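Pasting work19.cif here (mmCIF, C-alpha atoms and all ligand atoms):
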data_final
#
loop_
_atom_site.label_atom_id
_atom_site.label_comp_id
_atom_site.auth_asym_id
_atom_site.auth_seq_id
_atom_site.Cartn_x
_atom_site.Cartn_y
_atom_site.Cartn_z
CA MET R 1002 100.71 136.61 94.11
CA ASN R 1003 98.83 134.12 91.93
CA ALA R 1004 95.08 134.44 92.34
CA ILE R 1005 93.01 131.31 92.88
CA ASN R 1006 90.80 131.12 89.81
CA ASP R 1007 90.24 128.68 86.93
CA ASP R 1008 93.48 129.87 85.27
CA ILE R 1009 95.53 128.31 88.04
CA ARG R 1010 94.49 124.89 86.71
CA LYS R 1011 96.65 125.52 83.64
CA ASP R 1012 99.71 125.21 85.91
CA PHE R 1013 98.89 121.50 86.37
CA PRO R 1014 99.39 119.36 83.25
CA ALA R 1015 97.67 116.34 84.83
CA LEU R 1016 94.40 118.23 85.33
CA ALA R 1017 93.95 118.78 81.60
CA GLN R 1018 93.26 115.13 80.79
CA GLU R 1019 90.13 113.09 80.27
CA ILE R 1020 89.43 109.88 82.16
CA ASN R 1021 87.01 107.41 80.58
CA GLY R 1022 85.92 110.12 78.15
CA HIS R 1023 85.19 112.68 80.86
CA ARG R 1024 87.18 115.67 82.11
CA LEU R 1025 89.19 114.54 85.14
CA ILE R 1026 87.83 115.74 88.47
CA TYR R 1027 90.56 115.08 90.99
CA PHE R 1028 89.13 114.98 94.52
CA ASP R 1029 91.79 112.74 96.10
CA ASN R 1030 94.10 115.47 97.32
CA ALA R 1031 94.39 114.15 100.87
CA ALA R 1032 96.13 111.12 99.36
CA THR R 1033 98.42 113.17 97.13
CA THR R 1034 98.24 116.44 95.23
CA GLN R 1035 98.91 117.13 91.55
CA LYS R 1036 102.19 118.79 90.51
CA PRO R 1037 102.48 122.18 88.81
CA GLN R 1038 104.89 122.90 85.97
CA ALA R 1039 106.65 125.20 88.47
CA VAL R 1040 107.76 122.02 90.31
CA LEU R 1041 108.25 119.69 87.33
CA GLY R 1042 110.43 122.22 85.48
CA PRO R 1043 113.10 122.76 88.18
CA MET R 1044 113.34 119.00 88.79
CA GLN R 1045 113.96 118.31 85.11
CA LYS R 1046 116.43 121.21 84.95
CA TYR R 1047 118.27 119.83 87.98
CA TYR R 1048 118.72 116.44 86.26
CA GLU R 1049 119.68 118.05 82.96
CA HIS R 1050 122.24 120.51 84.34
CA ASP R 1051 123.27 119.97 87.95
CA ASN R 1052 122.96 116.27 88.71
CA ALA R 1053 125.73 114.97 91.02
CA ASN R 1054 126.03 113.55 94.49
CA VAL R 1055 126.02 115.93 97.45
CA TYR R 1056 128.91 116.79 99.82
CA ARG R 1057 131.33 114.29 98.27
CA GLY R 1058 132.89 116.08 95.33
CA ILE R 1059 135.08 119.09 94.84
CA HIS R 1060 133.75 119.43 91.33
CA GLU R 1061 131.29 122.03 90.07
CA LEU R 1062 128.26 119.76 89.66
CA SER R 1063 128.61 118.34 93.16
CA ASN R 1064 128.87 121.86 94.53
CA ARG R 1065 125.71 122.85 92.66
CA ALA R 1066 123.82 119.77 93.89
CA THR R 1067 124.93 120.41 97.47
CA ALA R 1068 123.95 124.07 97.26
CA ALA R 1069 120.51 123.16 95.87
CA TYR R 1070 119.94 120.54 98.56
CA GLU R 1071 120.95 122.86 101.38
CA ALA R 1072 118.94 125.74 99.90
CA ALA R 1073 115.87 123.48 100.09
CA ARG R 1074 116.60 122.83 103.77
CA GLU R 1075 116.87 126.58 104.40
CA ARG R 1076 113.61 127.20 102.49
CA MET R 1077 111.77 124.53 104.49
CA ALA R 1078 113.03 126.03 107.76
CA GLN R 1079 111.65 129.38 106.64
CA PHE R 1080 108.34 127.78 105.54
CA LEU R 1081 107.83 126.23 108.98
CA ASN R 1082 109.38 129.17 110.85
CA ALA R 1083 111.97 126.81 112.38
CA PRO R 1084 114.69 128.70 114.27
CA ASP R 1085 117.51 127.12 112.26
CA ARG R 1086 117.96 125.14 109.06
CA ALA R 1087 119.75 122.46 111.07
CA ASP R 1088 116.35 121.73 112.66
CA ILE R 1089 115.20 120.29 109.32
CA ILE R 1090 115.90 116.61 108.65
CA PHE R 1091 115.06 115.39 105.15
CA THR R 1092 113.03 112.17 105.08
CA ARG R 1093 111.04 110.18 102.53
CA GLY R 1094 107.86 111.67 103.96
CA THR R 1095 105.69 111.94 107.05
CA THR R 1096 105.82 108.20 107.74
CA GLU R 1097 109.60 108.10 107.79
CA GLY R 1098 109.76 111.28 109.90
CA ILE R 1099 107.54 109.74 112.58
CA ASN R 1100 109.46 106.44 112.47
CA LEU R 1101 112.70 108.39 112.84
CA ALA R 1102 111.43 110.26 115.91
CA ALA R 1103 109.92 107.12 117.45
CA SER R 1104 113.12 105.10 116.92
CA ALA R 1105 115.89 107.61 117.54
CA TRP R 1106 114.25 109.75 120.23
CA GLY R 1107 111.93 107.08 121.60
CA GLU R 1108 114.42 104.30 122.21
CA ALA R 1109 116.84 106.66 123.94
CA ASN R 1110 114.21 108.27 126.14
CA LEU R 1111 111.35 105.89 126.91
CA GLN R 1112 111.18 103.03 129.34
CA LYS R 1113 108.67 100.66 130.83
CA GLY R 1114 105.65 102.44 132.28
CA ASP R 1115 106.17 105.71 130.37
CA VAL R 1116 103.11 106.90 128.49
CA ILE R 1117 102.83 107.69 124.78
CA LEU R 1118 99.71 109.82 124.26
CA LEU R 1119 98.04 109.70 120.84
CA THR R 1120 94.49 110.36 119.63
CA GLU R 1121 91.93 107.91 118.30
CA MET R 1122 91.99 109.63 114.90
CA GLU R 1123 95.64 108.99 114.04
CA HIS R 1124 96.67 107.77 110.60
CA HIS R 1125 98.40 104.39 110.85
CA SER R 1126 101.66 106.29 110.22
CA ASN R 1127 101.28 108.00 113.57
CA LEU R 1128 100.11 104.88 115.36
CA VAL R 1129 102.07 101.82 114.25
CA PRO R 1130 105.57 103.34 114.85
CA TRP R 1131 104.48 104.08 118.46
CA GLN R 1132 103.05 100.57 118.84
CA LEU R 1133 106.42 99.16 117.75
CA LEU R 1134 108.21 101.46 120.18
CA ALA R 1135 105.86 100.48 123.01
CA GLN R 1136 106.56 96.80 122.28
CA ARG R 1137 110.32 97.43 122.36
CA THR R 1138 110.38 99.60 125.50
CA GLY R 1139 107.38 98.48 127.58
CA ALA R 1140 105.86 101.97 127.32
CA GLU R 1141 102.07 102.31 127.44
CA LEU R 1142 99.88 103.70 124.65
CA ARG R 1143 97.04 105.99 125.68
CA PHE R 1144 94.49 107.72 123.46
CA ILE R 1145 92.57 110.99 123.56
CA PRO R 1146 89.07 109.84 122.54
CA VAL R 1147 87.14 111.02 119.49
CA ALA R 1148 83.55 112.00 120.21
CA GLY R 1149 80.97 110.59 117.76
CA ASP R 1150 80.49 111.20 114.03
CA GLU R 1151 81.47 114.86 114.41
CA GLY R 1152 84.98 113.58 114.92
CA VAL R 1153 86.38 116.10 117.38
CA LEU R 1154 88.63 115.25 120.28
CA ASP R 1155 86.86 114.75 123.59
CA LEU R 1156 88.97 116.89 125.90
CA ALA R 1157 86.72 116.54 128.97
CA ASN R 1158 89.15 114.38 130.89
CA ILE R 1159 92.32 115.73 129.37
CA GLU R 1160 94.26 116.59 132.56
CA ALA R 1161 94.03 112.97 133.76
CA LEU R 1162 95.11 111.67 130.34
CA PHE R 1163 98.36 113.66 130.58
CA GLU R 1164 99.49 111.90 133.77
CA GLY R 1165 102.82 110.13 133.20
CA VAL R 1166 102.99 111.21 129.54
CA LYS R 1167 106.49 111.37 128.00
CA ILE R 1168 105.43 112.12 124.45
CA LEU R 1169 102.28 113.47 122.85
CA ALA R 1170 102.04 112.68 119.12
CA LEU R 1171 98.95 113.85 117.26
CA THR R 1172 97.69 114.79 113.88
CA HIS R 1173 97.12 118.45 113.09
CA ILE R 1174 94.37 117.77 110.53
CA SER R 1175 92.64 114.40 110.30
CA ASN R 1176 92.84 112.87 106.82
CA ALA R 1177 89.69 110.85 107.51
CA LEU R 1178 87.50 113.52 109.13
CA GLY R 1179 88.93 116.91 108.22
CA THR R 1180 89.07 117.80 111.93
CA ILE R 1181 91.57 120.56 112.77
CA ASN R 1182 92.98 119.72 116.18
CA PRO R 1183 93.98 122.36 118.78
CA VAL R 1184 97.65 121.39 118.51
CA LYS R 1185 98.95 124.55 120.17
CA ASP R 1186 96.85 124.05 123.32
CA LEU R 1187 97.63 120.36 123.52
CA CYS R 1188 101.38 120.92 123.03
CA SER R 1189 101.28 123.48 125.81
CA LYS R 1190 99.48 121.00 128.10
CA ALA R 1191 102.12 118.39 127.24
CA LYS R 1192 104.92 120.85 128.00
CA ALA R 1193 103.36 121.53 131.41
CA VAL R 1194 103.96 117.87 132.35
CA GLY R 1195 107.45 117.89 130.79
CA ALA R 1196 106.45 115.80 127.75
CA VAL R 1197 107.93 116.02 124.27
CA THR R 1198 105.50 116.74 121.40
CA LEU R 1199 105.18 115.62 117.79
CA VAL R 1200 102.73 117.04 115.27
CA ASP R 1201 101.78 115.01 112.20
CA ALA R 1202 101.37 117.82 109.67
CA ALA R 1203 100.81 115.58 106.61
CA GLN R 1204 97.42 117.24 105.97
CA SER R 1205 98.19 120.74 107.21
CA ALA R 1206 101.55 121.55 105.60
CA GLY R 1207 100.83 123.36 102.34
CA HIS R 1208 97.16 123.72 103.28
CA ILE R 1209 97.27 126.28 106.09
CA PRO R 1210 100.13 128.46 107.38
CA LEU R 1211 102.39 126.57 109.79
CA ASP R 1212 104.70 127.92 112.45
CA VAL R 1213 106.49 125.37 114.63
CA GLN R 1214 107.47 128.03 117.16
CA ALA R 1215 103.90 129.28 117.54
CA ILE R 1216 102.59 125.71 117.84
CA GLY R 1217 105.31 124.98 120.38
CA CYS R 1218 106.02 121.42 119.16
CA ASP R 1219 109.35 119.59 119.38
CA PHE R 1220 108.84 117.50 116.24
CA LEU R 1221 106.72 118.09 113.16
CA ALA R 1222 106.56 115.72 110.20
CA CYS R 1223 105.21 116.38 106.71
CA SER R 1224 105.36 115.08 103.12
CA GLY R 1225 106.30 116.96 99.95
CA HIS R 1226 103.82 115.09 97.75
CA LYS R 1227 100.81 116.39 99.69
CA LEU R 1228 101.78 120.01 98.99
CA CYS R 1229 102.39 119.99 95.22
CA GLY R 1230 105.92 118.58 95.63
CA PRO R 1231 107.30 115.24 94.46
CA THR R 1232 106.89 111.87 96.15
CA GLY R 1233 109.77 110.43 98.19
CA ILE R 1234 110.70 113.63 100.02
CA GLY R 1235 109.47 115.11 103.28
CA VAL R 1236 110.88 116.60 106.42
CA LEU R 1237 111.01 116.07 110.11
CA TYR R 1238 111.40 119.31 112.02
CA ALA R 1239 113.26 118.35 115.18
CA GLN R 1240 114.08 120.84 117.88
CA ALA R 1241 117.88 121.30 118.06
CA ASN R 1242 118.43 120.21 121.67
CA LEU R 1243 116.50 117.00 121.12
CA GLN R 1244 118.49 116.18 117.98
CA LYS R 1245 121.75 116.47 119.91
CA GLY R 1246 120.71 113.69 122.30
CA MET R 1247 119.37 111.39 119.60
CA PRO R 1248 121.35 108.38 118.37
CA PRO R 1249 121.35 107.67 114.61
CA TYR R 1250 118.27 106.25 112.92
CA GLN R 1251 120.08 104.45 110.09
CA GLY R 1252 123.77 103.84 109.42
CA GLY R 1253 125.66 104.53 106.18
CA GLY R 1254 127.40 107.23 104.22
CA GLU R 1255 126.95 110.94 105.05
CA MET R 1256 125.83 110.31 108.67
CA ILE R 1257 129.36 109.65 110.00
CA SER R 1258 132.37 111.82 110.78
CA GLN R 1259 134.92 109.02 111.40
CA VAL R 1260 134.68 105.28 110.74
CA GLU R 1261 136.90 102.52 112.16
CA PHE R 1262 136.46 98.79 111.59
CA GLN R 1263 134.82 98.33 114.98
CA VAL R 1264 133.18 101.66 115.75
CA SER R 1265 132.21 104.98 114.19
CA GLU R 1266 131.74 108.55 115.23
CA PHE R 1267 128.62 110.19 113.95
CA ASN R 1268 128.13 113.38 112.02
CA VAL R 1269 126.42 116.38 113.61
CA PRO R 1270 122.63 116.73 113.30
CA PRO R 1271 120.79 116.93 110.99
CA HIS R 1272 123.24 114.97 108.78
CA ARG R 1273 123.45 112.24 111.45
CA PHE R 1274 119.88 111.33 110.48
CA GLU R 1275 120.33 111.38 106.71
CA ALA R 1276 122.23 108.20 105.87
CA GLY R 1277 123.06 107.54 102.21
CA THR R 1278 122.52 109.55 99.05
CA PRO R 1279 119.50 111.75 99.67
CA ASN R 1280 116.64 112.60 97.33
CA ILE R 1281 118.32 115.69 95.88
CA ALA R 1282 115.93 116.17 92.96
CA GLY R 1283 113.09 115.71 95.45
CA ALA R 1284 114.50 118.50 97.60
CA VAL R 1285 114.73 120.74 94.51
CA GLY R 1286 111.07 119.96 93.72
CA LEU R 1287 110.04 120.54 97.33
CA HIS R 1288 111.77 123.93 97.33
CA ALA R 1289 109.96 124.88 94.13
CA ALA R 1290 106.63 123.71 95.60
CA LEU R 1291 107.07 125.92 98.67
CA ASP R 1292 107.83 128.92 96.46
CA TYR R 1293 104.80 128.13 94.32
CA LEU R 1294 102.43 127.81 97.31
CA ASP R 1295 103.73 130.94 99.00
CA GLY R 1296 103.17 132.73 95.67
CA ILE R 1297 99.46 131.90 96.04
CA GLY R 1298 99.24 132.35 99.82
CA LEU R 1299 98.45 129.66 102.35
CA GLU R 1300 95.59 131.59 103.94
CA ALA R 1301 93.86 131.74 100.57
CA ILE R 1302 94.62 128.07 99.86
CA GLY R 1303 93.12 126.96 103.19
CA GLN R 1304 90.06 129.16 102.76
CA HIS R 1305 89.38 127.90 99.22
CA SER R 1306 89.58 124.21 100.23
CA PHE R 1307 87.37 124.84 103.25
CA GLU R 1308 84.75 126.69 101.17
CA LEU R 1309 84.64 123.91 98.59
CA ALA R 1310 84.26 121.25 101.27
CA HIS R 1311 81.52 123.31 102.87
CA TYR R 1312 79.74 123.71 99.53
CA ALA R 1313 80.13 119.99 98.79
CA LYS R 1314 78.52 119.17 102.14
CA GLU R 1315 75.63 121.51 101.40
CA ARG R 1316 75.02 119.83 98.05
CA LEU R 1317 75.54 116.29 99.37
CA ALA R 1318 72.96 116.99 102.09
CA GLU R 1319 70.39 116.79 99.23
CA PHE R 1320 70.77 112.99 99.36
CA ASP R 1321 68.34 111.32 101.77
CA GLY R 1322 69.93 109.55 104.70
CA ILE R 1323 73.51 110.66 103.99
CA ARG R 1324 75.77 110.33 107.03
CA PHE R 1325 78.70 112.74 107.33
CA PHE R 1326 81.81 112.16 109.42
CA GLY R 1327 83.79 115.10 110.69
CA PRO R 1328 82.98 118.51 112.20
CA PRO R 1329 79.95 120.26 110.67
CA THR R 1330 81.39 123.77 110.57
CA GLU R 1331 85.08 124.14 111.32
CA HIS R 1332 87.03 121.68 109.19
CA ALA R 1333 89.63 121.34 106.47
CA GLY R 1334 88.98 120.58 102.78
CA VAL R 1335 87.82 117.02 103.42
CA VAL R 1336 84.31 115.56 103.24
CA SER R 1337 83.72 111.98 104.39
CA PHE R 1338 80.34 110.36 104.04
CA VAL R 1339 78.31 107.21 103.68
CA LEU R 1340 75.19 106.94 101.53
CA PRO R 1341 72.54 104.41 102.54
CA GLU R 1342 72.22 101.45 100.16
CA VAL R 1343 75.27 102.58 98.19
CA HIS R 1344 78.46 100.71 98.96
CA ALA R 1345 81.39 103.14 99.14
CA LEU R 1346 83.47 100.96 96.80
CA ASP R 1347 80.70 100.88 94.17
CA LEU R 1348 80.40 104.65 94.47
CA ALA R 1349 84.11 105.24 93.85
CA THR R 1350 84.31 102.71 91.00
CA MET R 1351 81.31 104.18 89.23
CA ALA R 1352 82.52 107.74 89.88
CA ASP R 1353 85.82 106.83 88.24
CA GLN R 1354 83.91 105.70 85.14
CA GLN R 1355 82.66 109.31 85.01
CA GLY R 1356 86.16 110.76 85.46
CA VAL R 1357 85.80 111.56 89.17
CA ALA R 1358 88.63 110.46 91.48
CA ILE R 1359 87.62 110.03 95.11
CA ARG R 1360 88.88 107.72 97.83
CA VAL R 1361 86.98 105.04 99.71
CA GLY R 1362 87.96 102.79 102.57
CA HIS R 1363 89.29 103.27 106.06
CA HIS R 1364 91.82 105.90 104.93
CA CYS R 1365 94.56 104.28 107.05
CA THR R 1366 92.55 104.91 110.21
CA GLN R 1367 91.15 101.44 110.88
CA PRO R 1368 90.73 101.80 114.66
CA LEU R 1369 88.80 105.07 114.17
CA HIS R 1370 86.47 103.42 111.65
CA LYS R 1371 85.92 100.50 114.03
CA LYS R 1372 84.98 102.96 116.75
CA LEU R 1373 82.58 104.76 114.38
CA GLY R 1374 81.09 101.36 113.53
CA ILE R 1375 81.62 101.58 109.77
CA PRO R 1376 84.00 99.64 107.53
CA ALA R 1377 84.50 102.45 105.01
CA THR R 1378 83.61 105.98 104.03
CA ALA R 1379 83.76 107.82 100.73
CA ARG R 1380 86.06 110.82 100.91
CA ALA R 1381 86.31 113.84 98.64
CA SER R 1382 89.31 116.02 99.46
CA PHE R 1383 89.91 119.39 97.85
CA TYR R 1384 92.78 121.70 96.98
CA PHE R 1385 93.05 125.19 95.55
CA TYR R 1386 92.81 124.03 91.92
CA ASN R 1387 89.36 122.47 92.45
CA THR R 1388 86.25 124.44 91.57
CA ARG R 1389 82.56 124.73 92.46
CA ASN R 1390 81.71 123.54 88.94
CA GLU R 1391 83.57 120.34 89.69
CA VAL R 1392 81.55 119.91 92.87
CA ASP R 1393 78.34 120.40 90.87
CA ARG R 1394 79.44 117.78 88.35
CA PHE R 1395 80.38 115.43 91.22
CA ILE R 1396 76.84 115.79 92.59
CA GLU R 1397 75.36 115.00 89.16
CA VAL R 1398 77.54 111.90 88.98
CA ILE R 1399 76.39 110.75 92.42
CA GLN R 1400 72.76 111.39 91.47
CA LYS R 1401 73.19 109.03 88.49
CA ILE R 1402 74.90 106.39 90.63
CA VAL R 1403 72.27 106.54 93.35
CA LYS R 1404 69.50 106.14 90.74
CA LEU R 1405 71.22 103.10 89.31
CA LEU R 1406 71.97 101.42 92.61
CA ARG R 1407 68.83 102.07 94.65
C1 LIG R 1501 97.40 112.42 108.66
C2 LIG R 1501 98.42 111.65 107.88
N1 LIG R 1501 99.54 111.26 108.48
C3 LIG R 1501 100.50 110.57 107.84
C4 LIG R 1501 100.36 110.24 106.52
C5 LIG R 1501 101.45 109.50 105.83
O1 LIG R 1501 102.03 110.27 104.84
P1 LIG R 1501 103.10 109.63 103.82
O2 LIG R 1501 102.41 108.43 103.23
O3 LIG R 1501 103.35 110.71 102.84
O4 LIG R 1501 104.29 109.26 104.62
C6 LIG R 1501 99.20 110.61 105.84
C7 LIG R 1501 98.97 110.20 104.44
O5 LIG R 1501 97.88 110.14 103.96
C8 LIG R 1501 98.20 111.34 106.54
O6 LIG R 1501 97.09 111.73 105.94
#
Step by step, read the file and then write its structure as structure tokens.
Amino acid sequence: MNAINDDIRKDFPALAQEINGHRLIYFDNAATTQKPQAVLGPMQKYYEHDNANVYRGIHELSNRATAAYEAARERMAQFLNAPDRADIIFTRGTTEGINLAASAWGEANLQKGDVILLTEMEHHSNLVPWQLLAQRTGAELRFIPVAGDEGVLDLANIEALFEGVKILALTHISNALGTINPVKDLCSKAKAVGAVTLVDAAQSAGHIPLDVQAIGCDFLACSGHKLCGPTGIGVLYAQANLQKGMPPYQGGGEMISQVEFQVSEFNVPPHRFEAGTPNIAGAVGLHAALDYLDGIGLEAIGQHSFELAHYAKERLAEFDGIRFFGPPTEHAGVVSFVLPEVHALDLATMADQQGVAIRVGHHCTQPLHKKLGIPATARASFYFYNTRNEVDRFIEVIQKIVKLLR
């Protein structure tokens, strides 16, 4: 196992650079993570040695590409503890996974009056696809409320909220608040009323251990780029029985078994949902990322990010009037805050001049921010390659900015 210490930073070429004359401090990991050489190397090797299209050829390179692509599917199944590799559908990322479930499962199974249950803290990726589905089917959207700045779900009235629910779709970890939702309990409540469940694991996959069977969800979507993998690849875990009843999401090559001029027969799942040439190099990179993360240990990764966020909150509390959003004690590696008299955009722009990358804005959770009554927060999000020294430097940078702006 790789230990989490300063040496681990050497695995990430991008972390070694200077920005505006200062050592880069990358605190925008909830948006995307940096890539280790252990991921970049296999992707380059794939293009240099094995590049070909999958399934189609009888030649050596095509066989190698197909084997690599399918090995990545197997590895992802193992990573999520999915019962079978056929439960893994490759997508472009979390957003496409949720759109796939909403379109293919949703249109075949929802009708007017059915309820789609979400939470008020959903990323737009787990909100807009359901809005589109509701518009197409006449289904109703319902929301589990978020209670105050602490950003936890208000479960007081939960039994009533589950009435008539056909699907529960919720985020595991909030990208805006760092809240870790009780997905297992909520999936079990949904099951009790016969509802299907989807977990948005964009912020939890690669950050804490995941087990789809222990969670008890039917769908789980995540993105490779948020767990040290490349952009443009992700997966939708979809429970086998549900996949069987789902019509295709997109049409094209690979997803068919027989095509006539007027009609076609479709391939078996999961291939039915993977139209066209897939992101093979992306799958190779994703596979390498999972190996790399497991080599460190997801428990240790989660603990490190949590401790840094906790430390950052302690230090940030030194600033008079700071307002935090998200749970005070149990949370992921995300700290969202607003400083009085310091516009979040100014803060991020001036931090960038000092080499510090943070995110400001509504973090793709506009309705949540409206409810909280703020247009934007500043967000620092951590991963295992970040350090306490970086947090200290971040605090120094904010001290300078606050002095200048107040
Ligand atoms: C909670 C959550 N869900 C979904 C997404 C969408 O992920 P992607 O853009 O990789 O599809 C994100 C991205 O930030 C996210 O944080």
Which residues of chain R have any atom within 6 Å of an atom in ligand LIG 1501 (chain R) when counting all atoms listed in the file, and what is the closest pair of atoms for each, with the distance in Å to one decimal? Order the rows by chain and rising number and write it as a Markdown table.
| residue | atom | partner | partner_atom | distance |
| --- | --- | --- | --- | --- |
| R:Ala1032 | CA | R:LIG1501 | O5 | 5.0 |
| R:Gly1094 | CA | R:LIG1501 | O4 | 4.4 |
| R:Thr1095 | CA | R:LIG1501 | O4 | 3.9 |
| R:Thr1096 | CA | R:LIG1501 | O4 | 3.6 |
| R:His1124 | CA | R:LIG1501 | N1 | 5.0 |
| R:Ser1126 | CA | R:LIG1501 | C3 | 5.0 |
| R:Thr1172 | CA | R:LIG1501 | C1 | 5.7 |
| R:Ser1175 | CA | R:LIG1501 | C1 | 5.4 |
| R:Asn1176 | CA | R:LIG1501 | O6 | 4.5 |
| R:Asp1201 | CA | R:LIG1501 | N1 | 5.7 |
| R:Ala1203 | CA | R:LIG1501 | C2 | 4.8 |
| R:Gln1204 | CA | R:LIG1501 | C1 | 5.5 |
| R:Ser1224 | CA | R:LIG1501 | O3 | 4.8 |
- Residue nearest Ala1345 of chain R among R:Lys1245, R:Arg1380, R:Lys1227, R:Arg1137 (counting all atoms listed in the file): R:Arg1380
- Item | Point (89.1, 118.5, 104.9), cut-off 9 Å, counting only C-alpha atoms, residues as a VMD selection string | chain R and resid 1031 1174 to 1181 1204 1306 to 1307 1310 1327 1332 to 1337 1381 to 1383
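Once His1050 of chain R and its same-chain neighbours fewer than 6 positions away are set aside, R:Leu1062, R:Arg1065, R:Ala1066 remain within 10 Å of it when counting all atoms listed in the file.
Among the candidates R:Arg1057, R:Lys1372, R:Arg1143, R:His1305, the residue lying nearest to Gly1254 of chain R is R:Arg1057 (atoms considered: all atoms listed in the file).
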Taking only residues of segment 1288-1389 of chain R that have an atom at most 8 Å from an atom of segment 1035-1049 of chain R, what is each one's shortest atom pair and its distance in Å to one decimal, using only C-alpha atoms, in chain and number order, as JSON lines?
{"residue": "R:Ala1289", "atom": "CA", "partner": "R:Val1040", "partner_atom": "CA", "distance": 5.3}
{"residue": "R:Ala1290", "atom": "CA", "partner": "R:Val1040", "partner_atom": "CA", "distance": 5.7}
{"residue": "R:Tyr1293", "atom": "CA", "partner": "R:Ala1039", "partner_atom": "CA", "distance": 6.8}
Neighbour list for Tyr1386 of chain R as an mmCIF file with C-alpha atoms, in the frame of the given file, cut-off 10 Å, all atoms listed in the file, skip fewer than 6 positions in-chain:
data_model
loop_
_atom_site.group_PDB
_atom_site.id
_atom_site.type_symbol
_atom_site.label_atom_id
_atom_site.label_comp_id
_atom_site.auth_asym_id
_atom_site.auth_seq_id
_atom_site.Cartn_x
_atom_site.Cartn_y
_atom_site.Cartn_z
ATOM 1 C CA ILE R 1005 93.010 131.310 92.880
ATOM 2 C CA ASN R 1006 90.800 131.120 89.810
ATOM 3 C CA ASP R 1007 90.240 128.680 86.930
ATOM 4 C CA ASP R 1008 93.480 129.870 85.270
ATOM 5 C CA ILE R 1009 95.530 128.310 88.040
ATOM 6 C CA ARG R 1010 94.490 124.890 86.710
ATOM 7 C CA LYS R 1011 96.650 125.520 83.640
ATOM 8 C CA ASP R 1012 99.710 125.210 85.910
ATOM 9 C CA PHE R 1013 98.890 121.500 86.370
ATOM 10 C CA LEU R 1016 94.400 118.230 85.330
ATOM 11 C CA TYR R 1027 90.560 115.080 90.990
ATOM 12 C CA THR R 1034 98.240 116.440 95.230
ATOM 13 C CA GLN R 1035 98.910 117.130 91.550
ATOM 14 C CA ILE R 1302 94.620 128.070 99.860
ATOM 15 C CA HIS R 1305 89.380 127.900 99.220
ATOM 16 C CA SER R 1306 89.580 124.210 100.230
#
- So which one's closest to Gln1214 of chain R, R:Ala1083, R:Val1055, R:Ile1168, R:Ala1073? Using only C-alpha atoms, please. R:Ala1083
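Taking all atoms listed in the file into account, the polymer residues that have an atom no farther than 6 Å from (98.0, 130.6, 95.7) are Asn1003, Ala1004, Ile1005, Leu1294, Gly1296, Ile1297, Gly1298 and Ile1302 of chain R.
Between atom CA of Ala1196 of chain R and atom CA of Leu1169 of chain R the interatomic distance comes to 6.8 Å.
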For Gly1252 of chain R, work out the shell of residues within 9 Å, counting only C-alpha atoms and skipping chain neighbours fewer than 6 positions away, then give it as a PDB file with C-alpha atoms, in the frame of the given file.
ATOM      1  CA  ARG R1273     123.450 112.240 111.450  1.00  0.00           C
ATOM      2  CA  PHE R1274     119.880 111.330 110.480  1.00  0.00           C
ATOM      3  CA  GLU R1275     120.330 111.380 106.710  1.00  0.00           C
ATOM      4  CA  ALA R1276     122.230 108.200 105.870  1.00  0.00           C
ATOM      5  CA  GLY R1277     123.060 107.540 102.210  1.00  0.00           C
TER       6      GLY R1277
END
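Distances here use all atoms listed in the file; by that measure, the residue among R:Ile1257, R:Leu1025, R:Val1184, R:Val1361 closest to Pro1376 of chain R is R:Val1361.
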- Point-to-point distance in Å for atom CA of Leu1187 of chain R and atom CA of Gln1112 of chain R: 22.8 Å
- Item | Nearby residues (only C-alpha atoms) at most 10 Å from Glu1391 of chain R, same-chain spacing under 4 positions excluded, as a list in words | Arg1024, Leu1025, Ile1026, Tyr1027, Phe1028, Leu1309, Ala1313, Val1357, Asn1387, Phe1395, Ile1396 and Glu1397 of chain R
Could you produce a table of the residues of segment 1190-1292 of chain R lying within 8 Å of segment 1077-1082 of chain R, with the nearest pair of atoms per residue and their separation in Å rounded to one decimal, using all atoms listed in the file, ordered by chain and increasing residue number, as CSV?
residue,atom,partner,partner_atom,distance
R:Leu1211,CA,R:Leu1081,CA,5.5
R:Asp1212,CA,R:Leu1081,CA,5.0
R:Val1213,CA,R:Leu1081,CA,5.9
R:Gln1214,CA,R:Asn1082,CA,6.7
R:His1288,CA,R:Met1077,CA,7.2
R:Leu1291,CA,R:Phe1080,CA,7.2
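With distances restricted to all atoms listed in the file, R:Ala1222 is the closest residue to Ala1102 of chain R from R:Ala1222, R:Ile1145, R:Ile1323, R:Ala1193.
The gap separating atom CA of Ala1087 of chain R from atom CA of Leu1287 of chain R is 16.9 Å, in Å to one decimal.
Restricting the calculation to only C-alpha atoms, the smallest distance between Pro1249 of chain R and any of R:Phe1091, R:Phe1144, R:Tyr1312, R:Trp1106 is found for R:Trp1106.
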